[in-house]
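K.L.:
This is the content of target17.cif (mmCIF, C-alpha atoms and all ligand atoms):
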data_my_file
loop_
_atom_site.label_atom_id
_atom_site.label_comp_id
_atom_site.auth_asym_id
_atom_site.auth_seq_id
_atom_site.Cartn_x
_atom_site.Cartn_y
_atom_site.Cartn_z
CA MET A 342 -32.80 -10.98 3.29
CA LYS A 343 -34.32 -8.16 5.30
CA SER A 344 -32.06 -5.46 6.64
CA CYS A 345 -31.48 -4.32 10.19
CA PRO A 346 -31.29 -0.69 11.38
CA PHE A 347 -27.96 -1.41 13.08
CA GLU A 348 -26.20 -3.08 10.17
CA HIS A 349 -24.54 0.12 8.95
CA LEU A 350 -22.50 0.15 12.17
CA LEU A 351 -20.95 -3.23 11.48
CA VAL A 352 -18.14 -1.98 9.25
CA SER A 353 -17.09 0.58 11.84
CA TYR A 354 -17.26 -2.21 14.39
CA VAL A 355 -14.91 -4.38 12.35
CA GLN A 356 -12.58 -1.43 11.86
CA ASN A 357 -12.58 -0.50 15.54
CA GLU A 358 -13.95 2.93 14.93
CA LEU A 359 -16.83 2.84 17.42
CA SER A 360 -16.73 4.36 20.87
CA ALA A 361 -16.47 1.86 23.72
CA ASP A 362 -20.12 2.45 24.63
CA ASN A 363 -21.45 1.90 21.13
CA ARG A 364 -19.23 -1.05 20.63
CA LEU A 365 -20.63 -2.75 23.70
CA ARG A 366 -24.19 -1.91 22.71
CA LEU A 367 -23.69 -3.27 19.22
CA ARG A 368 -22.09 -6.41 20.60
CA ASN A 369 -25.15 -7.12 22.69
CA HIS A 370 -27.33 -6.51 19.66
CA ILE A 371 -25.30 -8.88 17.49
CA LEU A 372 -25.77 -11.66 20.01
CA ASN A 373 -29.50 -11.45 19.42
CA CYS A 374 -29.63 -10.65 15.69
CA ASP A 375 -28.94 -13.39 13.16
CA HIS A 376 -28.88 -10.94 10.29
CA CYS A 377 -26.09 -8.84 11.83
CA ARG A 378 -24.20 -11.90 12.95
CA ASN A 379 -24.04 -13.23 9.39
CA LEU A 380 -23.10 -9.86 7.97
CA LEU A 381 -20.39 -9.43 10.57
CA ALA A 382 -18.72 -12.67 9.53
CA ASP A 383 -18.75 -11.55 5.88
CA PHE A 384 -17.50 -8.07 6.68
CA THR A 385 -14.68 -9.42 8.78
CA SER A 386 -13.40 -11.55 5.93
CA VAL A 387 -13.68 -8.73 3.37
CA ASP A 388 -11.87 -6.47 5.83
CA ARG A 389 -9.10 -9.02 6.20
CA LEU A 390 -8.77 -9.50 2.43
CA LEU A 391 -8.49 -5.76 1.90
CA GLN A 392 -6.06 -5.28 4.77
CA ASN A 393 -3.72 -7.85 3.33
CA PHE A 394 -4.06 -6.58 -0.22
CA GLU A 395 -0.74 -5.87 -1.87
CA ARG A 396 -0.76 -3.91 -5.04
CA LYS A 397 1.75 -4.25 -7.81
CA PRO A 398 4.76 -2.00 -7.43
CA ILE A 399 4.88 0.89 -9.87
CA PRO A 400 7.28 0.28 -12.80
CA LYS A 401 10.68 1.63 -11.86
CA LYS A 402 11.28 3.45 -15.11
CA LEU A 403 8.00 5.31 -14.89
CA TYR A 404 8.66 6.21 -11.28
CA ARG A 405 12.07 7.59 -12.13
CA THR A 406 10.75 9.80 -14.93
CA TYR A 407 7.97 10.96 -12.67
CA LYS A 408 10.37 12.00 -9.92
CA LYS A 409 12.65 13.78 -12.37
CA GLN A 410 9.77 15.74 -13.83
CA LEU A 411 8.53 16.63 -10.36
CA ALA A 412 11.96 17.87 -9.36
CA THR A 413 11.68 20.66 -11.91
CA LEU A 414 8.91 22.07 -9.70
CA TYR A 415 11.19 22.88 -6.80
CA GLU A 416 14.61 23.02 -8.39
CA PRO A 417 15.48 26.15 -10.35
CA GLU A 418 15.59 25.29 -14.01
CA SER A 419 19.17 26.33 -14.62
CA LEU A 420 20.30 24.28 -11.67
CA TRP A 421 18.34 21.33 -12.87
CA LYS A 422 19.92 21.41 -16.30
CA ASN A 423 23.35 21.34 -14.72
CA ALA A 424 22.50 18.87 -12.00
CA VAL A 425 23.76 15.84 -13.83
CA ASN A 426 27.10 17.48 -14.54
CA VAL A 427 27.43 18.71 -10.99
CA VAL A 428 26.81 15.25 -9.61
CA ARG A 429 29.30 13.76 -12.02
CA ARG A 430 31.95 16.32 -11.06
CA LEU A 431 31.25 15.79 -7.36
CA LEU A 432 31.68 12.09 -7.75
CA THR A 433 35.08 12.44 -9.38
CA LEU A 434 36.11 14.84 -6.63
CA LEU A 435 34.93 12.45 -3.97
CA SER A 436 36.77 9.52 -5.44
CA SER A 437 39.96 11.59 -5.69
CA ARG A 438 39.74 11.99 -1.92
CA ALA A 439 40.92 15.57 -1.91
CA PRO A 440 41.68 16.51 1.72
CA ALA A 441 39.60 19.70 1.75
CA LEU A 442 36.56 17.85 0.53
CA ARG A 443 36.95 15.16 3.10
CA VAL A 444 36.93 17.80 5.82
CA ALA A 445 33.76 19.30 4.43
CA ARG A 446 32.25 15.87 4.31
CA SER A 447 33.13 15.12 7.91
CA LEU A 448 31.55 18.39 8.94
CA ALA A 449 28.40 17.55 7.08
CA VAL A 450 28.32 14.11 8.65
CA LEU A 451 28.79 15.68 12.09
CA LEU A 452 25.93 18.10 11.50
CA ILE A 453 23.67 15.34 10.32
CA GLY A 454 24.70 13.29 13.34
CA ILE A 455 23.56 16.09 15.63
CA LEU A 456 20.26 16.41 13.82
CA VAL A 457 19.64 12.70 13.86
CA GLY A 458 20.58 12.58 17.54
CA ARG A 459 18.07 15.29 18.33
CA TYR A 460 15.40 13.45 16.48
CA PHE A 461 16.06 10.12 18.14
CA PHE A 462 16.39 11.47 21.66
CA PHE A 463 13.30 13.63 21.63
CA PRO A 464 11.31 12.11 24.45
CA SER A 465 7.63 11.21 24.49
CA GLN A 466 6.87 12.03 20.88
CA THR A 467 5.11 8.83 20.14
CA PRO A 468 2.87 8.24 17.14
CA GLU A 469 -0.78 8.92 17.57
CA ILE A 470 -2.90 5.89 18.25
CA ILE A 471 -6.20 5.86 16.44
CA SER A 472 -7.68 2.47 17.09
CA GLU A 473 -9.61 2.22 20.30
CA PRO A 474 -10.51 -0.24 21.67
CA ARG A 475 -7.70 -2.48 20.51
CA THR A 476 -8.06 -5.52 18.37
CA THR A 477 -6.36 -8.70 19.33
CA LEU A 478 -3.87 -9.62 16.66
CA THR A 479 -3.93 -13.03 15.08
CA LYS A 480 -0.91 -15.27 14.70
CA ASP A 481 -0.77 -14.22 11.03
CA ASP A 482 -0.58 -10.56 12.01
CA ILE A 483 2.34 -11.16 14.33
CA GLN A 484 4.00 -13.30 11.69
CA PHE A 485 3.52 -10.42 9.23
CA ILE A 486 5.27 -7.98 11.57
CA SER A 487 7.95 -10.54 12.27
CA ASP A 488 8.67 -11.12 8.54
CA TYR A 489 8.92 -7.40 8.08
CA VAL A 490 11.40 -7.01 10.92
CA VAL A 491 13.52 -9.92 9.67
CA LYS A 492 13.68 -8.33 6.23
CA SER A 493 14.60 -4.99 7.78
CA GLU A 494 17.57 -6.61 9.50
CA LEU A 495 18.92 -7.73 6.13
CA LEU A 496 18.79 -4.17 4.86
CA LEU A 497 20.21 -2.64 8.05
CA LEU A 498 23.03 -5.17 8.07
CA THR A 499 24.14 -4.44 4.52
CA ILE A 500 24.21 -0.77 5.41
CA ALA A 501 25.94 -1.07 8.77
CA ASN A 502 28.50 -3.62 7.63
CA SER A 503 29.64 -1.87 4.52
CA THR A 504 33.11 -0.49 5.13
CA ASN A 505 33.43 1.50 1.93
CA ASP A 506 32.61 5.14 1.82
CA GLU A 507 30.53 4.37 -1.19
CA PRO A 508 28.45 1.28 -1.70
CA SER A 509 28.92 -0.88 -4.76
CA GLU A 510 26.44 -0.84 -7.61
CA ASP A 511 25.00 -4.16 -6.40
CA ASP A 512 24.49 -2.86 -2.89
CA ILE A 513 22.60 0.14 -4.17
CA PHE A 514 20.13 -1.90 -6.13
CA LEU A 515 19.74 -4.48 -3.40
CA ASN A 516 19.17 -1.80 -0.76
CA LYS A 517 16.81 0.19 -2.87
CA ASP A 518 14.71 -2.85 -3.72
CA ILE A 519 14.43 -3.97 -0.14
CA ALA A 520 13.77 -0.44 1.10
CA GLN A 521 10.99 0.11 -1.40
CA SER A 522 9.29 -3.17 -0.69
CA LEU A 523 9.53 -2.54 3.05
CA LEU A 524 8.33 1.01 2.75
CA TYR A 525 5.33 -0.21 0.91
CA LYS A 526 4.31 -2.39 3.84
CA THR A 527 5.21 0.13 6.54
CA ALA A 528 1.77 1.61 7.09
CA GLN A 529 0.24 -1.84 7.35
CA VAL A 530 2.82 -3.00 9.87
CA GLN A 531 2.46 0.23 11.83
CA ARG A 532 -1.26 -0.33 12.14
CA LYS A 533 -0.76 -3.81 13.44
CA ALA A 534 1.93 -2.61 15.84
CA HIS A 535 -0.47 -0.02 17.23
CA ALA A 536 -2.97 -2.76 17.84
CA LEU A 537 -0.27 -4.65 19.68
CA ASP A 538 0.38 -1.48 21.68
CA ASP A 539 4.09 -2.23 21.86
CA GLN A 540 6.02 1.00 22.21
CA ILE A 541 9.35 -0.60 21.31
CA ILE A 542 8.02 -1.83 17.98
CA ILE A 543 6.30 1.47 17.27
CA THR A 544 9.45 3.49 17.93
CA PHE A 545 11.58 1.12 15.89
CA LEU A 546 9.18 1.38 12.97
CA THR A 547 9.24 5.17 13.10
CA HIS A 548 13.04 5.18 12.86
CA LEU A 549 13.05 2.53 10.18
CA GLU A 550 10.60 4.49 8.07
CA LEU A 551 12.97 7.43 8.14
CA VAL A 552 15.84 5.28 6.87
CA LEU A 553 13.62 3.72 4.21
CA LEU A 554 12.46 7.10 3.02
CA GLU A 555 16.06 8.26 2.78
CA ILE A 556 17.03 5.33 0.62
CA SER A 557 14.04 4.88 -1.60
CA ASN A 558 13.44 8.52 -2.37
CA ARG A 559 16.92 9.06 -3.70
CA GLU A 560 18.34 8.61 -7.11
CA ASP A 561 21.10 6.04 -7.38
CA GLU A 562 23.77 8.71 -7.61
CA GLU A 563 22.45 10.42 -4.53
CA ILE A 564 22.45 7.25 -2.49
CA ARG A 565 26.10 6.86 -3.32
CA SER A 566 26.96 10.33 -2.10
CA SER A 567 24.84 10.28 1.01
CA PHE A 568 25.53 6.73 2.00
CA GLN A 569 27.55 7.71 5.04
CA GLU A 570 24.69 9.77 6.47
CA ILE A 571 22.39 6.82 6.13
CA ARG A 572 24.90 4.51 7.73
CA ASN A 573 25.41 6.91 10.64
CA MET A 574 21.70 7.06 11.14
CA VAL A 575 21.49 3.27 11.30
CA ASN A 576 24.48 2.93 13.61
CA GLU A 577 23.67 5.74 15.99
CA ALA A 578 20.22 4.41 16.64
CA ASN A 579 21.58 0.86 17.09
CA MET A 580 19.04 -0.29 14.57
CA VAL A 581 20.54 -3.68 13.77
CA GLN A 582 20.57 -4.68 17.43
CA LYS A 583 17.09 -3.31 17.88
CA SER A 584 15.84 -5.29 14.93
CA ARG A 585 17.31 -8.48 16.41
CA ARG A 586 15.89 -7.80 19.85
CA LEU A 587 12.50 -7.20 18.27
CA GLN A 588 12.66 -10.45 16.39
CA ARG A 589 13.21 -12.32 19.65
CA ARG A 590 10.29 -10.51 21.28
CA LEU A 591 8.02 -11.34 18.39
CA GLU A 592 9.11 -14.97 18.39
CA LYS A 593 8.27 -15.12 22.07
CA THR A 594 4.86 -13.55 21.47
CA LEU A 595 4.25 -16.08 18.73
CA SER A 596 5.19 -19.10 20.84
CA GLU A 597 3.04 -17.82 23.69
CA ASN A 598 0.10 -17.49 21.32
CA VAL A 599 0.29 -21.07 20.10
CA MET B 207 0.33 9.58 11.30
CA SER B 208 2.81 10.58 13.95
CA ARG B 209 2.72 13.92 15.70
CA LEU B 210 6.29 14.40 14.58
CA THR B 211 5.35 14.07 10.91
CA ARG B 212 2.48 16.46 11.29
CA GLU B 213 4.62 19.05 13.01
CA SER B 214 7.32 18.86 10.44
CA ASP B 215 4.73 19.12 7.65
CA HIS B 216 3.42 22.27 9.27
CA LYS B 217 6.91 23.77 9.37
CA LEU B 218 7.60 22.80 5.78
CA VAL B 219 4.30 24.30 4.64
CA GLN B 220 5.12 27.53 6.45
CA SER B 221 8.56 27.74 4.84
CA ALA B 222 7.19 26.83 1.43
CA LYS B 223 4.56 29.55 1.77
CA SER B 224 7.25 32.09 2.50
CA GLY B 225 8.97 31.06 -0.71
CA SER B 226 11.33 28.23 0.14
CA SER B 227 11.41 25.88 -2.81
CA ALA B 228 13.62 23.52 -0.82
CA ALA B 229 10.84 23.14 1.74
CA PHE B 230 8.33 22.44 -0.98
CA GLY B 231 10.81 19.98 -2.44
CA LYS B 232 10.85 18.10 0.85
CA LEU B 233 7.07 17.89 0.84
CA VAL B 234 7.13 16.60 -2.71
CA LYS B 235 9.73 13.97 -1.90
CA LYS B 236 7.83 12.89 1.14
CA TYR B 237 4.53 12.36 -0.65
CA GLN B 238 5.45 11.68 -4.27
CA GLN B 239 5.20 7.92 -3.91
CA LYS B 240 1.97 7.96 -1.92
CA VAL B 241 0.26 10.37 -4.30
CA LEU B 242 1.26 8.34 -7.33
CA TYR B 243 -0.11 5.17 -5.74
CA LEU B 244 -3.31 6.95 -4.79
CA ALA B 245 -3.85 8.12 -8.35
CA PHE B 246 -3.12 4.63 -9.64
CA ASP B 247 -5.47 3.03 -7.10
CA LEU B 248 -8.26 5.24 -8.39
CA ILE B 249 -7.78 5.00 -12.14
CA HIS B 250 -5.68 1.89 -12.79
CA ASP B 251 -3.47 3.30 -15.49
CA TYR B 252 0.16 4.05 -14.81
CA GLU B 253 0.64 6.81 -17.38
CA ASP B 254 -2.54 8.62 -16.41
CA ALA B 255 -1.72 8.17 -12.74
CA LYS B 256 1.66 9.76 -13.32
CA ASP B 257 0.10 12.76 -15.06
CA ILE B 258 -2.48 13.18 -12.33
CA ALA B 259 0.06 12.95 -9.54
CA GLN B 260 2.22 15.57 -11.23
CA GLU B 261 -0.77 17.78 -11.80
CA ALA B 262 -1.68 17.41 -8.13
CA PHE B 263 1.71 18.68 -7.04
CA ILE B 264 1.61 21.55 -9.50
CA LYS B 265 -1.83 22.51 -8.22
CA SER B 266 -0.76 22.26 -4.61
CA PHE B 267 2.23 24.44 -5.44
CA GLU B 268 0.02 27.06 -7.07
CA LYS B 269 -2.64 26.99 -4.37
CA LEU B 270 -0.41 26.66 -1.35
CA HIS B 271 -0.99 30.26 -0.28
CA GLN B 272 -4.72 29.49 -0.08
CA PHE B 273 -4.18 26.46 2.12
CA GLU B 274 -5.20 27.42 5.64
CA GLU B 275 -4.07 24.22 7.34
CA ARG B 276 -7.46 23.39 8.74
CA ALA B 277 -6.66 19.86 7.63
CA GLN B 278 -3.25 18.25 7.43
CA PHE B 279 -1.18 18.96 4.36
CA SER B 280 -1.35 15.32 3.29
CA THR B 281 -5.16 15.32 3.51
CA TRP B 282 -5.34 18.46 1.43
CA LEU B 283 -2.96 17.00 -1.14
CA TYR B 284 -4.98 13.78 -1.24
CA ARG B 285 -8.13 15.77 -1.83
CA ILE B 286 -6.57 17.51 -4.80
CA THR B 287 -5.37 14.17 -6.17
CA VAL B 288 -8.74 12.49 -5.71
CA ASN B 289 -10.55 15.34 -7.48
CA LEU B 290 -8.17 15.23 -10.42
CA ALA B 291 -8.39 11.46 -10.65
CA MET B 292 -12.18 11.57 -10.62
CA ASP B 293 -12.27 14.24 -13.34
CA GLN B 294 -10.06 12.04 -15.46
CA HIS B 295 -12.16 8.99 -14.70
CA ARG B 296 -15.34 10.77 -15.77
CA ARG B 297 -13.69 12.04 -18.94
CA ARG B 298 -12.56 8.55 -19.76
CA LYS B 299 -16.03 7.13 -19.18
CA ARG B 300 -17.34 9.49 -21.82
CA ARG B 301 -14.87 8.13 -24.35
CA PRO B 302 -16.57 4.97 -25.62
CA HIS B 303 -13.42 2.92 -26.16
CA ASP B 304 -11.83 3.49 -22.81
CA SER B 305 -14.10 1.22 -20.91
CA LEU B 306 -13.69 -1.00 -17.92
CA GLU B 307 -12.78 -3.80 -20.30
CA ASP B 308 -9.91 -1.73 -21.60
CA ASN B 309 -8.71 -1.31 -18.06
CA ILE B 310 -8.85 -5.00 -17.48
CA ARG B 311 -7.07 -5.60 -20.77
CA GLU B 312 -4.42 -3.13 -19.65
CA ILE B 313 -4.04 -5.04 -16.39
CA GLU B 314 -3.71 -8.28 -18.37
CA ARG B 315 -1.09 -6.73 -20.60
CA GLN B 316 0.95 -5.57 -17.65
CA LYS B 317 0.63 -9.00 -16.18
CA THR B 318 2.33 -10.67 -19.15
CA SER B 319 5.14 -8.16 -19.08
CA GLU B 320 5.66 -8.98 -15.45
CA GLN B 321 5.71 -12.72 -15.91
CA ALA B 322 9.46 -12.92 -15.63
CA GLU B 323 9.19 -11.26 -12.26
CA GLU B 324 6.31 -13.48 -11.22
CA GLY B 325 8.43 -16.52 -11.88
CA ARG B 326 10.60 -15.59 -8.98
CA ARG B 327 7.74 -15.25 -6.57
CA SER B 328 6.65 -17.90 -4.17
CA GLU B 329 3.47 -19.86 -4.54
CA ARG B 330 1.82 -17.96 -1.74
CA GLU B 331 2.45 -14.68 -3.49
CA LEU B 332 1.07 -16.00 -6.76
CA GLN B 333 -2.08 -16.93 -4.96
CA THR B 334 -2.40 -13.35 -3.78
CA SER B 335 -1.96 -12.17 -7.35
CA ALA B 336 -5.19 -13.95 -8.35
CA GLN B 337 -6.83 -12.49 -5.28
CA ARG B 338 -5.53 -9.10 -6.20
CA ASP B 339 -7.20 -9.18 -9.60
CA GLU B 340 -10.50 -10.11 -8.00
CA ILE B 341 -10.23 -7.32 -5.47
CA GLU B 342 -9.38 -4.86 -8.24
CA LYS B 343 -12.43 -5.95 -10.20
CA ALA B 344 -14.63 -5.66 -7.14
CA LEU B 345 -13.29 -2.15 -6.56
CA GLN B 346 -14.13 -1.12 -10.11
CA ASN B 347 -17.74 -2.06 -9.50
CA LEU B 348 -18.15 0.37 -6.63
CA SER B 349 -19.58 3.85 -6.92
CA GLU B 350 -17.11 6.72 -7.00
CA ASN B 351 -17.38 7.69 -3.34
CA GLN B 352 -17.35 4.11 -2.18
CA ARG B 353 -14.20 3.40 -4.15
CA ILE B 354 -12.43 6.50 -2.86
CA ALA B 355 -13.38 5.68 0.72
CA THR B 356 -12.17 2.09 0.38
CA VAL B 357 -8.90 3.02 -1.28
CA LEU B 358 -8.16 5.66 1.36
CA LYS B 359 -9.10 3.38 4.22
CA TYR B 360 -7.33 0.21 3.23
CA PHE B 361 -4.51 1.20 0.91
CA HIS B 362 -3.64 4.51 2.51
CA GLN B 363 -4.58 3.79 6.12
CA LYS B 364 -6.77 6.87 6.53
CA SER B 365 -9.28 7.18 9.35
CA SER B 366 -12.96 7.91 8.70
CA LYS B 367 -12.30 11.46 9.82
CA GLU B 368 -9.58 11.94 7.20
CA ILE B 369 -11.70 10.25 4.54
CA ALA B 370 -14.48 12.69 5.39
CA GLU B 371 -12.06 15.59 4.96
CA VAL B 372 -10.90 14.31 1.58
CA LEU B 373 -14.44 13.73 0.35
CA GLY B 374 -15.77 16.92 1.89
CA CYS B 375 -18.52 15.10 3.75
CA SER B 376 -19.34 14.28 7.36
CA GLU B 377 -17.64 11.49 9.20
CA SER B 378 -20.83 9.47 9.41
CA THR B 379 -21.36 9.82 5.65
CA ALA B 380 -17.82 8.56 5.12
CA ARG B 381 -18.66 5.55 7.30
CA ILE B 382 -21.81 4.89 5.28
CA HIS B 383 -19.73 4.93 2.07
CA LEU B 384 -17.39 2.40 3.62
CA PHE B 385 -20.27 0.29 4.83
CA ARG B 386 -21.86 0.17 1.38
CA ALA B 387 -18.50 -0.51 -0.23
CA VAL B 388 -17.77 -3.48 2.00
CA LYS B 389 -21.33 -4.73 1.60
CA ASN B 390 -21.04 -4.59 -2.20
CA MET B 391 -17.57 -6.10 -2.28
CA ARG B 392 -18.67 -8.97 -0.10
CA LYS B 393 -20.92 -10.27 -2.87
CA HIS B 394 -18.13 -10.07 -5.39
CA LEU B 395 -15.47 -11.54 -3.17
CA LYS B 396 -17.51 -14.33 -1.68
CA GLY B 397 -16.39 -16.70 -4.43
CA ILE B 398 -12.68 -16.25 -3.87
CA GLN B 399 -12.96 -16.49 -0.12
CA GLU B 400 -14.58 -19.86 -0.47
CA SER B 401 -11.91 -21.05 -2.85
CA LEU B 402 -9.15 -20.18 -0.39
ZN ZN A 601 -29.16 -6.49 13.55
#
Please re-express this file's structure in structure tokens.
P.N.:
Amino acid sequence: MKSCPFEHLLVSYVQNELSADNRLRLRNHILNCDHCRNLLADFTSVDRLLQNFERKPIPKKLYRTYKKQLATLYEPESLWKNAVNVVRRLLTLLSSRAPALRVARSLAVLLIGILVGRYFFFPSQTPEIISEPRTTLTKDDIQFISDYVVKSELLLLTIANSTNDEPSEDDIFLNKDIAQSLLYKTAQVQRKAHALDDQIIITFLTHLELVLLEISNREDEEIRSSFQEIRNMVNEANMVQKSRRLQRRLEKTLSENV
Amino acid sequence: MSRLTRESDHKLVQSAKSGSSAAFGKLVKKYQQKVLYLAFDLIHDYEDAKDIAQEAFIKSFEKLHQFEERAQFSTWLYRITVNLAMDQHRRRKRRPHDSLEDNIREIERQKTSEQAEEGRRSERELQTSAQRDEIEKALQNLSENQRIATVLKYFHQKSSKEIAEVLGCSESTARIHLFRAVKNMRKHLKGIQESL
């Protein structure tokens, strides 16, 4: 089939990267050009396939070795060699619940609380919105966001409800698995949320990403020792309630769309 | 990317430049997963991807003082990663035995080792796994720049402007790469779309 001088704009059109003017102009052209109309249909479906593409997660063992090797870049070598022993000693100290250590721990938690508070109460620092003009989301897109939020509640609940200072082995693996799988989808969900232009979702996702990063970037031993920080973060930002409220909003949006 | 992230990256880069290894550590932790995935997306081999990602961080560590922050730190880091991955890809192409077929065989091999995991997945997810293989094959057929542009756009949510910065080309050239990529992939993927 022959080509059309405007066809190279179609991908940008599908991806919402044209200015409002050009978008309108191209739309008028498409109405009168069979060639572009056919291409547009194809491009839209390729775009959708690629957007929903999920790659295989990286093997855990390889990822762990990778992170350990990278750590030697920013951790002094002598420290690194002793790190395992230090962590082990710290853990025994922690479990012995020595009073002095508990005070130090509370102080650290307090400090982190202040930092987290400052982060969460910073006004008007909203993520940048790239897509303009906005796409209308399909039912599938909203379902995708909704599934993500439901899964996030599971994670947030296990964190918020745990009463121990240290999570059990099972909790760690469960949390880490969920966090990693959620983190992997975060960018995709964020993009869709921007298209929805819903500030509540966008803010929630920003906070959630922070929690996910905390959990999934840590070694198992580290999660154990910093679990309280993570829990404070979740509780102070009321994330479980927010996740539930969001789910209701999304359900409503879905039922309105039907 | 949020303004908050960008600002904190800027601060971390500044501290790292003035010698704080903790600040550099934070940058590493923040991007280690993304960089590893990017390397894997480009060369489809876990071990090689791991080496490239590590090399990228080492390089960024060594060259940090030259980084003038005209682009974001993440874009700069991605550019380093992409260049290393492409060098490796070209080297591999020159070795006769490491062909595309080897890559596909490698993917097949990993698939069998993951069968236990697959068993737990739902039907819908298994369907996407067949789709995934097709998309991966279609990606392998693209030219270098087209593949980089597609990977950055769809798997790393980069804008055309950022893609242009990574590739060192103009924004409109980046868009042309994406256009050609989608146009080429459409032929390859037409079959699976119809079967869905
Ligand atoms: Zn036309």
K.L.:
List as number ranges by chain the protein and nucleic acid residues near A:Asp482, meaning an atom at most 10 Å away when all atoms listed in the file are counted, but skip any in the same chain fewer than 3 places from it.
P.N.:
A: 393, 477-479, 485-488, 529-530, 533-534, 537, 595
K.L.:
Within 12 Å of ligand ZN 601 (chain A), counting all atoms listed in the file: which residues, as a PyMOL selection string?
P.N.:
chain A and resi 342-351+366-381
K.L.:
Only C-alpha atoms, please: the residues just picked out, written as a tab-separated table (two decimals), in the frame of the given file.
P.N.:
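The result, written out as result-v4.tsv:
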chain	number	residue	atom	x	y	z
A	342	MET	CA	-32.80	-10.98	3.29
A	343	LYS	CA	-34.32	-8.16	5.30
A	344	SER	CA	-32.06	-5.46	6.64
A	345	CYS	CA	-31.48	-4.32	10.19
A	346	PRO	CA	-31.29	-0.69	11.38
A	347	PHE	CA	-27.96	-1.41	13.08
A	348	GLU	CA	-26.20	-3.08	10.17
A	349	HIS	CA	-24.54	0.12	8.95
A	350	LEU	CA	-22.50	0.15	12.17
A	351	LEU	CA	-20.95	-3.23	11.48
A	366	ARG	CA	-24.19	-1.91	22.71
A	367	LEU	CA	-23.69	-3.27	19.22
A	368	ARG	CA	-22.09	-6.41	20.60
A	369	ASN	CA	-25.15	-7.12	22.69
A	370	HIS	CA	-27.33	-6.51	19.66
A	371	ILE	CA	-25.30	-8.88	17.49
A	372	LEU	CA	-25.77	-11.66	20.01
A	373	ASN	CA	-29.50	-11.45	19.42
A	374	CYS	CA	-29.63	-10.65	15.69
A	375	ASP	CA	-28.94	-13.39	13.16
A	376	HIS	CA	-28.88	-10.94	10.29
A	377	CYS	CA	-26.09	-8.84	11.83
A	378	ARG	CA	-24.20	-11.90	12.95
A	379	ASN	CA	-24.04	-13.23	9.39
A	380	LEU	CA	-23.10	-9.86	7.97
A	381	LEU	CA	-20.39	-9.43	10.57
K.L.:
Just how far from atom CA of A:Ala520 is atom CA of A:Leu553, in Å to one decimal?
P.N.:
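Atom-to-atom, atom CA of A:Leu553 to atom CA of A:Ala520, that is 5.2 Å.
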K.L.:
For a quick test of understanding: name the residues of chain B lying within 9 Å of chain A when counting all atoms listed in the file, and present them as a PyMOL selection string.
P.N.:
chain B and resi 207-211+226-231+234-236+238-239+242-243+246-247+252-253+256-257+259-260+263-264+267+334-335+337-338+341+356+360-363+365-366+381-382+384-386+388-389+391-392+395-396+399
K.L.:
Enter the distance from atom CA of A:Ser360 to atom CA of B:Lys367, in Å, rounded to one decimal.
P.N.:
13.9 Å
K.L.:
How many Å lie between atom CA of B:Leu345 and atom CA of B:Leu248, rounded to one decimal?
P.N.:
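Between atom CA of B:Leu345 and atom CA of B:Leu248 the gap is 9.1 Å.
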